[in-house]
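Colleague: Take this structure first; my questions come after.
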Amino acid sequence: MKRGTRAKRLAAIGVLAAMALAVQYAENLLPPIVPGVPVKLGAANVFTLTAMMCFSIWDGLAVSAVRCTVGTLLLGGSPMALAYSAAGCAMSWAVTALLMKPMKRGMVTPIGVSVAGAFCFNVGQMAIGMVLVGKQVLAYSPLMGLLSIPTGACVGLAAWIIKRRLFDGRKNASL
């Protein structure tokens with residue numbers, strides 16, 4: 001690895017994590033997409049997906065972990081909120097990581113990867129909700145599953161645009 005390349009990559013990952021935190025904070029100020037249903041766009045996930053597409057799945061995990069933990073703490077979240085966030089982030093990251101190779105081969109688009117990630121984020125949250133609250137959280141699952149399609153599509157499209165505009169064609173492709 002060239003001298004300075006590692007530092008540039010680390011700086012880029014730090015910027016993506018900071019942007020994810022800022023967007024998560026801003027999104028937290030907005031009401032839910034559907035009143036009474038705890039669903040948000042998940043716009044901060046744009047930066048996790050961008051890190052995974054432009055760098056590595058592990059860099060995406062770093063962005064996701066920072067956003068999940070620091071974001072929850074900054075927003076005054078409880079241990080329960082951290083559990084929901086961590087479960088959703090873990091499920092979403094795992095599925096997205098599995099789909100990165102097929103995406104790079106052109107078998108699936110970033111939008112498809114993001115929709116799968118959004119759906120699995122909701123699955124992770126439902127799973128932890130069943131443990132912490134009980135089966136009644138499953139009442140949200142049809143609507144949350146349905147909403148993961150447009151929210152995931154928006155996140156995937158935004159990440160694809162960022163990748164094309166900022167990272168494709170860069171001089172130092174090894175970054």
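Each chain in the structure tokens gets a letter, A, B, ..., in the order shown, and its residues are numbered from 1; ligands are numbered from 1 in order too.
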Need the shell around Gly145 (chain A): protein/DNA/RNA residues with any atom at most 12 Å away, counting only C-alpha atoms. Skip same-chain ones fewer than 2 positions apart. Format as an MDAnalysis selection string?
Modeller: chainID A and resid 37 39 115:126 138:143 147:152
Colleague: With N, CA, C and O atoms kept, could you save the residues just selected as a short mmCIF file (atom, residue, chain, number, x, y, z; two decimals), in the first residue's frame?
Modeller:
data_model
loop_
_atom_site.label_atom_id
_atom_site.label_comp_id
_atom_site.auth_asym_id
_atom_site.auth_seq_id
_atom_site.Cartn_x
_atom_site.Cartn_y
_atom_site.Cartn_z
N VAL A 37 -46.18 4.68 13.47
CA VAL A 37 -45.35 3.52 13.12
C VAL A 37 -43.89 3.97 13.15
O VAL A 37 -43.53 4.94 12.47
N VAL A 39 -41.10 4.03 11.73
CA VAL A 39 -40.32 3.81 10.51
C VAL A 39 -39.81 5.16 10.02
O VAL A 39 -40.56 6.13 9.91
N VAL A 115 -32.49 -2.37 -0.70
CA VAL A 115 -33.83 -2.82 -0.31
C VAL A 115 -33.71 -4.06 0.58
O VAL A 115 -34.39 -4.16 1.60
N ALA A 116 -32.84 -5.00 0.20
CA ALA A 116 -32.63 -6.19 1.03
C ALA A 116 -32.11 -5.79 2.41
O ALA A 116 -32.54 -6.33 3.43
N GLY A 117 -31.16 -4.84 2.45
CA GLY A 117 -30.63 -4.36 3.72
C GLY A 117 -31.69 -3.69 4.57
O GLY A 117 -31.75 -3.90 5.79
N ALA A 118 -32.54 -2.88 3.95
CA ALA A 118 -33.61 -2.20 4.69
C ALA A 118 -34.60 -3.21 5.26
O ALA A 118 -35.03 -3.10 6.41
N PHE A 119 -34.95 -4.20 4.45
CA PHE A 119 -35.87 -5.23 4.92
C PHE A 119 -35.26 -5.98 6.11
O PHE A 119 -35.93 -6.21 7.12
N CYS A 120 -33.99 -6.35 5.99
CA CYS A 120 -33.34 -7.10 7.06
C CYS A 120 -33.10 -6.25 8.31
O CYS A 120 -33.07 -6.77 9.42
N PHE A 121 -32.95 -4.94 8.13
CA PHE A 121 -32.88 -4.05 9.29
C PHE A 121 -34.17 -4.19 10.10
O PHE A 121 -34.14 -4.34 11.32
N ASN A 122 -35.30 -4.18 9.39
CA ASN A 122 -36.59 -4.33 10.06
C ASN A 122 -36.74 -5.71 10.69
O ASN A 122 -37.30 -5.84 11.77
N VAL A 123 -36.22 -6.75 10.02
CA VAL A 123 -36.26 -8.10 10.59
C VAL A 123 -35.47 -8.14 11.90
O VAL A 123 -35.93 -8.70 12.91
N GLY A 124 -34.29 -7.53 11.91
CA GLY A 124 -33.48 -7.48 13.13
C GLY A 124 -34.20 -6.75 14.25
O GLY A 124 -34.18 -7.20 15.41
N GLN A 125 -34.85 -5.64 13.90
CA GLN A 125 -35.58 -4.91 14.93
C GLN A 125 -36.79 -5.69 15.43
O GLN A 125 -37.10 -5.66 16.62
N MET A 126 -37.47 -6.39 14.54
CA MET A 126 -38.61 -7.22 14.96
C MET A 126 -38.13 -8.34 15.89
O MET A 126 -38.79 -8.65 16.88
N LEU A 138 -44.96 -7.76 16.23
CA LEU A 138 -45.14 -8.31 14.89
C LEU A 138 -46.28 -7.62 14.13
O LEU A 138 -46.35 -7.73 12.91
N ALA A 139 -47.14 -6.91 14.86
CA ALA A 139 -48.21 -6.17 14.19
C ALA A 139 -47.64 -5.12 13.23
O ALA A 139 -48.27 -4.77 12.23
N TYR A 140 -46.44 -4.62 13.52
CA TYR A 140 -45.80 -3.63 12.65
C TYR A 140 -45.16 -4.26 11.42
O TYR A 140 -44.85 -3.56 10.46
N SER A 141 -44.89 -5.55 11.44
CA SER A 141 -44.05 -6.15 10.41
C SER A 141 -44.57 -6.02 8.98
O SER A 141 -43.77 -5.75 8.08
N PRO A 142 -45.86 -6.18 8.68
CA PRO A 142 -46.27 -6.03 7.27
C PRO A 142 -46.00 -4.62 6.73
O PRO A 142 -45.44 -4.46 5.64
N LEU A 143 -46.33 -3.61 7.51
CA LEU A 143 -46.12 -2.24 7.06
C LEU A 143 -44.63 -1.91 6.98
O LEU A 143 -44.16 -1.28 6.01
N LEU A 147 -42.69 -0.83 3.62
CA LEU A 147 -41.99 0.45 3.56
C LEU A 147 -40.49 0.30 3.31
O LEU A 147 -39.83 1.25 2.89
N SER A 148 -39.95 -0.89 3.57
CA SER A 148 -38.52 -1.08 3.31
C SER A 148 -38.20 -1.02 1.82
O SER A 148 -37.06 -0.76 1.45
N ILE A 149 -39.19 -1.22 0.96
CA ILE A 149 -38.95 -1.17 -0.48
C ILE A 149 -38.64 0.26 -0.94
O ILE A 149 -37.57 0.52 -1.49
N PRO A 150 -39.54 1.24 -0.71
CA PRO A 150 -39.18 2.60 -1.16
C PRO A 150 -38.04 3.23 -0.37
O PRO A 150 -37.21 3.95 -0.94
N THR A 151 -37.95 2.94 0.94
CA THR A 151 -36.86 3.54 1.70
C THR A 151 -35.52 2.96 1.27
O THR A 151 -34.55 3.69 1.08
N GLY A 152 -35.48 1.64 1.09
CA GLY A 152 -34.25 1.00 0.61
C GLY A 152 -33.88 1.47 -0.78
O GLY A 152 -32.69 1.68 -1.08
#
Colleague: Would you kindly return, as a PDB file with N, CA and C atoms, in the first residue's frame, each protein, DNA or RNA residue with an atom no farther than 7 Å from any atom of region 107-114 of chain A, considering only C-alpha atoms and excluding same-chain residues fewer than 2 positions away?
Modeller:
ATOM      1  N   THR A  96     -26.241  -7.157   3.447  1.00  0.00           N
ATOM      2  CA  THR A  96     -25.592  -6.287   2.467  1.00  0.00           C
ATOM      3  C   THR A  96     -24.205  -6.808   2.131  1.00  0.00           C
ATOM      4  N   LEU A  99     -24.336  -9.607  -0.268  1.00  0.00           N
ATOM      5  CA  LEU A  99     -24.749  -9.217  -1.615  1.00  0.00           C
ATOM      6  C   LEU A  99     -23.723  -8.353  -2.350  1.00  0.00           C
ATOM      7  N   PRO A 102     -22.143 -10.341  -5.535  1.00  0.00           N
ATOM      8  CA  PRO A 102     -23.069 -10.387  -6.671  1.00  0.00           C
ATOM      9  C   PRO A 102     -23.313  -9.001  -7.286  1.00  0.00           C
ATOM     10  N   MET A 103     -23.299  -7.951  -6.453  1.00  0.00           N
ATOM     11  CA  MET A 103     -23.491  -6.608  -6.986  1.00  0.00           C
ATOM     12  C   MET A 103     -22.311  -6.208  -7.869  1.00  0.00           C
ATOM     13  N   ARG A 105     -20.502  -8.083  -9.562  1.00  0.00           N
ATOM     14  CA  ARG A 105     -20.560  -8.875 -10.797  1.00  0.00           C
ATOM     15  C   ARG A 105     -21.736  -8.454 -11.684  1.00  0.00           C
ATOM     16  N   ALA A 116     -32.843  -4.999   0.201  1.00  0.00           N
ATOM     17  CA  ALA A 116     -32.630  -6.191   1.032  1.00  0.00           C
ATOM     18  C   ALA A 116     -32.105  -5.792   2.413  1.00  0.00           C
ATOM     19  N   GLY A 117     -31.164  -4.836   2.450  1.00  0.00           N
ATOM     20  CA  GLY A 117     -30.629  -4.361   3.717  1.00  0.00           C
ATOM     21  C   GLY A 117     -31.689  -3.690   4.575  1.00  0.00           C
ATOM     22  N   ALA A 118     -32.540  -2.878   3.949  1.00  0.00           N
ATOM     23  CA  ALA A 118     -33.609  -2.199   4.685  1.00  0.00           C
ATOM     24  C   ALA A 118     -34.599  -3.209   5.262  1.00  0.00           C
ATOM     25  N   GLY A 152     -35.475   1.644   1.091  1.00  0.00           N
ATOM     26  CA  GLY A 152     -34.249   1.005   0.615  1.00  0.00           C
ATOM     27  C   GLY A 152     -33.875   1.473  -0.784  1.00  0.00           C
ATOM     28  N   ALA A 153     -34.863   1.663  -1.638  1.00  0.00           N
ATOM     29  CA  ALA A 153     -34.592   2.138  -3.000  1.00  0.00           C
ATOM     30  C   ALA A 153     -34.001   3.545  -2.983  1.00  0.00           C
ATOM     31  N   VAL A 155     -32.287   4.967  -0.516  1.00  0.00           N
ATOM     32  CA  VAL A 155     -30.932   4.867   0.039  1.00  0.00           C
ATOM     33  C   VAL A 155     -29.975   4.292  -1.002  1.00  0.00           C
ATOM     34  N   GLY A 156     -30.380   3.230  -1.684  1.00  0.00           N
ATOM     35  CA  GLY A 156     -29.528   2.611  -2.702  1.00  0.00           C
ATOM     36  C   GLY A 156     -29.228   3.549  -3.856  1.00  0.00           C
ATOM     37  N   LEU A 157     -30.230   4.291  -4.301  1.00  0.00           N
ATOM     38  CA  LEU A 157     -30.027   5.244  -5.384  1.00  0.00           C
ATOM     39  C   LEU A 157     -29.070   6.354  -4.965  1.00  0.00           C
ATOM     40  N   TRP A 160     -25.520   4.991  -4.798  1.00  0.00           N
ATOM     41  CA  TRP A 160     -25.017   4.767  -6.155  1.00  0.00           C
ATOM     42  C   TRP A 160     -24.579   6.098  -6.787  1.00  0.00           C
TER      43      TRP A 160
END
Colleague: Counting only C-alpha atoms, which of A:Leu61, A:Val34, A:Leu166, A:Thr72 gets nearest to Val95 (chain A)?
Modeller: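 Closest candidate: A:Leu61.
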Colleague: Tell me, in Å to one decimal, how far CA of Arg6 (chain A) is from CA of Ala43 (chain A).
Modeller: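 Interatomic distance here is 27.1 Å.
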Colleague: Between A:Met144, A:Cys54, A:Ala81, A:Ala11, which residue has the minimum interatomic distance to Pro32 (chain A), considering only C-alpha atoms?
Modeller: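 Comparing A:Met144, A:Cys54, A:Ala81, A:Ala11 against Pro32 (chain A), the winner is A:Met144.
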Colleague: For Ala26 (chain A), work out the shell of residues within 12 Å, counting only C-alpha atoms and skipping chain neighbours fewer than 4 positions away, then give it as number ranges by chain.
Modeller: A: 19-22, 30-31, 40-44, 71, 74-75
Colleague: Restricting the output to all heavy atoms, write the selected residues as a PDB file, in the first residue's frame.
Modeller:
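Produced file out.pdb, reproduced below:
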ATOM      1  N   MET A  19     -20.764  11.993   8.449  1.00  0.00           N
ATOM      2  CA  MET A  19     -21.943  12.360   7.651  1.00  0.00           C
ATOM      3  C   MET A  19     -23.145  11.505   8.046  1.00  0.00           C
ATOM      4  O   MET A  19     -24.274  12.013   8.132  1.00  0.00           O
ATOM      5  CB  MET A  19     -21.624  12.227   6.167  1.00  0.00           C
ATOM      6  CG  MET A  19     -20.623  13.268   5.694  1.00  0.00           C
ATOM      7  SD  MET A  19     -19.999  12.989   4.033  1.00  0.00           S
ATOM      8  CE  MET A  19     -21.425  13.347   3.049  1.00  0.00           C
ATOM      9  N   ALA A  20     -22.908  10.224   8.296  1.00  0.00           N
ATOM     10  CA  ALA A  20     -23.994   9.342   8.725  1.00  0.00           C
ATOM     11  C   ALA A  20     -24.580   9.821  10.052  1.00  0.00           C
ATOM     12  O   ALA A  20     -25.807   9.839  10.226  1.00  0.00           O
ATOM     13  CB  ALA A  20     -23.488   7.903   8.844  1.00  0.00           C
ATOM     14  N   LEU A  21     -23.723  10.221  10.980  1.00  0.00           N
ATOM     15  CA  LEU A  21     -24.208  10.730  12.264  1.00  0.00           C
ATOM     16  C   LEU A  21     -25.013  12.013  12.102  1.00  0.00           C
ATOM     17  O   LEU A  21     -26.065  12.177  12.719  1.00  0.00           O
ATOM     18  CB  LEU A  21     -23.031  10.974  13.214  1.00  0.00           C
ATOM     19  CG  LEU A  21     -22.380   9.735  13.807  1.00  0.00           C
ATOM     20  CD1 LEU A  21     -21.070  10.096  14.504  1.00  0.00           C
ATOM     21  CD2 LEU A  21     -23.331   9.038  14.762  1.00  0.00           C
ATOM     22  N   ALA A  22     -24.523  12.915  11.259  1.00  0.00           N
ATOM     23  CA  ALA A  22     -25.235  14.178  11.034  1.00  0.00           C
ATOM     24  C   ALA A  22     -26.605  13.935  10.411  1.00  0.00           C
ATOM     25  O   ALA A  22     -27.612  14.539  10.821  1.00  0.00           O
ATOM     26  CB  ALA A  22     -24.394  15.099  10.145  1.00  0.00           C
ATOM     27  N   LEU A  30     -37.263  14.718  12.331  1.00  0.00           N
ATOM     28  CA  LEU A  30     -38.456  14.612  11.495  1.00  0.00           C
ATOM     29  C   LEU A  30     -39.432  13.595  12.068  1.00  0.00           C
ATOM     30  O   LEU A  30     -39.035  12.652  12.751  1.00  0.00           O
ATOM     31  CB  LEU A  30     -38.054  14.178  10.078  1.00  0.00           C
ATOM     32  CG  LEU A  30     -37.074  15.088   9.348  1.00  0.00           C
ATOM     33  CD1 LEU A  30     -36.642  14.437   8.037  1.00  0.00           C
ATOM     34  CD2 LEU A  30     -37.702  16.446   9.101  1.00  0.00           C
ATOM     35  N   PRO A  31     -40.726  13.762  11.769  1.00  0.00           N
ATOM     36  CA  PRO A  31     -41.695  12.755  12.230  1.00  0.00           C
ATOM     37  C   PRO A  31     -41.541  11.465  11.428  1.00  0.00           C
ATOM     38  O   PRO A  31     -40.958  11.467  10.338  1.00  0.00           O
ATOM     39  CB  PRO A  31     -43.046  13.425  11.947  1.00  0.00           C
ATOM     40  CG  PRO A  31     -42.770  14.390  10.843  1.00  0.00           C
ATOM     41  CD  PRO A  31     -41.359  14.870  11.053  1.00  0.00           C
ATOM     42  N   LYS A  40     -38.506   5.196   9.737  1.00  0.00           N
ATOM     43  CA  LYS A  40     -37.883   6.387   9.159  1.00  0.00           C
ATOM     44  C   LYS A  40     -37.239   5.981   7.842  1.00  0.00           C
ATOM     45  O   LYS A  40     -37.100   4.803   7.538  1.00  0.00           O
ATOM     46  CB  LYS A  40     -36.809   6.937  10.106  1.00  0.00           C
ATOM     47  CG  LYS A  40     -37.353   7.331  11.470  1.00  0.00           C
ATOM     48  CD  LYS A  40     -37.369   8.792  11.631  1.00  0.00           C
ATOM     49  CE  LYS A  40     -37.875   9.163  13.015  1.00  0.00           C
ATOM     50  NZ  LYS A  40     -37.839  10.563  13.223  1.00  0.00           N
ATOM     51  N   LEU A  41     -36.805   6.955   7.072  1.00  0.00           N
ATOM     52  CA  LEU A  41     -36.182   6.674   5.779  1.00  0.00           C
ATOM     53  C   LEU A  41     -34.888   5.883   5.932  1.00  0.00           C
ATOM     54  O   LEU A  41     -34.581   5.021   5.121  1.00  0.00           O
ATOM     55  CB  LEU A  41     -35.919   7.989   5.031  1.00  0.00           C
ATOM     56  CG  LEU A  41     -35.177   7.895   3.708  1.00  0.00           C
ATOM     57  CD1 LEU A  41     -35.935   7.027   2.715  1.00  0.00           C
ATOM     58  CD2 LEU A  41     -34.946   9.283   3.129  1.00  0.00           C
ATOM     59  N   GLY A  42     -34.122   6.155   6.970  1.00  0.00           N
ATOM     60  CA  GLY A  42     -32.835   5.480   7.141  1.00  0.00           C
ATOM     61  C   GLY A  42     -31.775   6.083   6.246  1.00  0.00           C
ATOM     62  O   GLY A  42     -30.880   5.394   5.762  1.00  0.00           O
ATOM     63  N   ALA A  43     -31.877   7.387   6.029  1.00  0.00           N
ATOM     64  CA  ALA A  43     -30.973   8.078   5.104  1.00  0.00           C
ATOM     65  C   ALA A  43     -29.506   7.949   5.506  1.00  0.00           C
ATOM     66  O   ALA A  43     -28.625   7.974   4.643  1.00  0.00           O
ATOM     67  CB  ALA A  43     -31.365   9.552   4.993  1.00  0.00           C
ATOM     68  N   ALA A  44     -29.222   7.775   6.775  1.00  0.00           N
ATOM     69  CA  ALA A  44     -27.828   7.633   7.221  1.00  0.00           C
ATOM     70  C   ALA A  44     -27.190   6.367   6.650  1.00  0.00           C
ATOM     71  O   ALA A  44     -25.967   6.280   6.529  1.00  0.00           O
ATOM     72  CB  ALA A  44     -27.763   7.617   8.743  1.00  0.00           C
ATOM     73  N   GLY A  71     -24.518   7.358  17.468  1.00  0.00           N
ATOM     74  CA  GLY A  71     -25.788   8.002  17.119  1.00  0.00           C
ATOM     75  C   GLY A  71     -26.841   7.798  18.180  1.00  0.00           C
ATOM     76  O   GLY A  71     -27.547   8.733  18.556  1.00  0.00           O
ATOM     77  N   LEU A  74     -25.790   9.930  21.212  1.00  0.00           N
ATOM     78  CA  LEU A  74     -25.972  11.371  20.968  1.00  0.00           C
ATOM     79  C   LEU A  74     -27.433  11.779  21.008  1.00  0.00           C
ATOM     80  O   LEU A  74     -27.760  12.895  21.400  1.00  0.00           O
ATOM     81  CB  LEU A  74     -25.386  11.765  19.611  1.00  0.00           C
ATOM     82  CG  LEU A  74     -23.879  11.892  19.516  1.00  0.00           C
ATOM     83  CD1 LEU A  74     -23.463  12.182  18.078  1.00  0.00           C
ATOM     84  CD2 LEU A  74     -23.360  12.980  20.440  1.00  0.00           C
ATOM     85  N   LEU A  75     -28.299  10.889  20.578  1.00  0.00           N
ATOM     86  CA  LEU A  75     -29.723  11.200  20.536  1.00  0.00           C
ATOM     87  C   LEU A  75     -30.425  10.892  21.854  1.00  0.00           C
ATOM     88  O   LEU A  75     -31.645  10.953  21.940  1.00  0.00           O
ATOM     89  CB  LEU A  75     -30.393  10.445  19.384  1.00  0.00           C
ATOM     90  CG  LEU A  75     -29.895  10.831  17.995  1.00  0.00           C
ATOM     91  CD1 LEU A  75     -30.452   9.892  16.938  1.00  0.00           C
ATOM     92  CD2 LEU A  75     -30.245  12.271  17.683  1.00  0.00           C
TER      93      LEU A  75
END
Colleague: In Å, with one decimal, what is the gap from CA of Ala65 (chain A) to CA of Ala97 (chain A)?
Modeller: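 Going from CA of Ala65 (chain A) over to CA of Ala97 (chain A) covers 14.1 Å.
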Colleague: Could you tell me how far CA of Val66 (chain A) sits from CA of Val131 (chain A), in Å to one decimal place?
Modeller: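 Computed distance, CA of Val131 (chain A) to CA of Val66 (chain A), equals 24.1 Å.
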Colleague: Using only C-alpha atoms, can you tell me which of A:Ile162, A:Met52, A:Leu98, A:Leu82 comes closest to Arg67 (chain A)?
Modeller: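 For Arg67 (chain A), the nearest of the given residues is A:Leu82.
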Colleague: Would you list the contacts of Ala87 (chain A) as a ChimeraX atom specification, taking every protein, DNA or RNA residue within 7 Å and counting only C-alpha atoms, but skipping same-chain residues closer than 3 positions in sequence?
Modeller: /A:83-84,90-91,124-125,128
Colleague: Show which residues sit within 12 Å of Pro79 (chain A), as a list in words. Count only C-alpha atoms, and ignore same-chain residues fewer than 6 positions away.
Modeller: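 My reading of the contact set: Cys68, Thr69, Thr72, Leu73, Ser85, Ala86 and Leu132 of chain A.
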Colleague: Take the residues from that selection and write them out as a short mmCIF file (atom, residue, chain, number, x, y, z; two decimals), in the first residue's frame, keeping all heavy atoms.
Modeller:
data_model
loop_
_atom_site.label_atom_id
_atom_site.label_comp_id
_atom_site.auth_asym_id
_atom_site.auth_seq_id
_atom_site.Cartn_x
_atom_site.Cartn_y
_atom_site.Cartn_z
N CYS A 68 -24.49 3.44 14.76
CA CYS A 68 -25.40 2.74 15.67
C CYS A 68 -25.14 3.14 17.13
O CYS A 68 -26.06 3.51 17.84
CB CYS A 68 -25.23 1.24 15.47
SG CYS A 68 -26.04 0.22 16.69
N THR A 69 -23.89 3.07 17.55
CA THR A 69 -23.58 3.33 18.96
C THR A 69 -23.55 4.82 19.28
O THR A 69 -24.27 5.29 20.15
CB THR A 69 -22.26 2.67 19.37
OG1 THR A 69 -21.23 3.12 18.49
CG2 THR A 69 -22.36 1.17 19.32
N THR A 72 -26.95 6.60 18.69
CA THR A 72 -27.93 6.32 19.74
C THR A 72 -27.60 7.10 21.01
O THR A 72 -28.48 7.68 21.64
CB THR A 72 -28.00 4.81 20.04
OG1 THR A 72 -28.35 4.13 18.83
CG2 THR A 72 -29.02 4.50 21.10
N LEU A 73 -26.31 7.15 21.36
CA LEU A 73 -25.91 7.89 22.56
C LEU A 73 -26.12 9.40 22.39
O LEU A 73 -26.57 10.07 23.32
CB LEU A 73 -24.45 7.58 22.90
CG LEU A 73 -24.17 6.13 23.31
CD1 LEU A 73 -22.67 5.90 23.44
CD2 LEU A 73 -24.90 5.77 24.59
N SER A 85 -31.31 -0.71 17.61
CA SER A 85 -30.41 -0.19 16.58
C SER A 85 -29.34 -1.21 16.22
O SER A 85 -29.07 -1.46 15.03
CB SER A 85 -29.78 1.12 17.06
OG SER A 85 -28.95 1.66 16.07
N ALA A 86 -28.73 -1.81 17.22
CA ALA A 86 -27.66 -2.78 16.98
C ALA A 86 -28.18 -4.01 16.24
O ALA A 86 -27.52 -4.51 15.32
CB ALA A 86 -27.01 -3.19 18.31
N LEU A 132 -37.64 -8.35 23.67
CA LEU A 132 -37.79 -7.33 24.70
C LEU A 132 -39.24 -7.01 25.06
O LEU A 132 -39.53 -6.70 26.21
CB LEU A 132 -37.08 -6.04 24.26
CG LEU A 132 -35.56 -6.13 24.08
CD1 LEU A 132 -35.01 -4.83 23.53
CD2 LEU A 132 -34.88 -6.50 25.40
#
Colleague: Which one is closest to Ala159 (chain A): A:Ala7, A:Val23, A:Leu49, A:Ile13? Count only C-alpha atoms.
Modeller: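 Selected residue with least distance to Ala159 (chain A): A:Leu49.
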Colleague: From the options A:Ser92, A:Glu27, A:Gly60, A:Met80, which residue's atoms come nearest to Ala12 (chain A), counting only C-alpha atoms?
Modeller: A:Gly60
Colleague: Pick from A:Thr50, A:Ser64, A:Thr5, A:Gln24: nearest to Arg164 (chain A), with only C-alpha atoms counted?
Modeller: A:Thr50
Colleague: Residues of chain A classed as alpha helix (DSSP H) by DSSP on the backbone are to be reported as a PyMOL selection string.
Modeller: chain A and resi 5-28+45-54+57-74+79-104+110-132+141-162
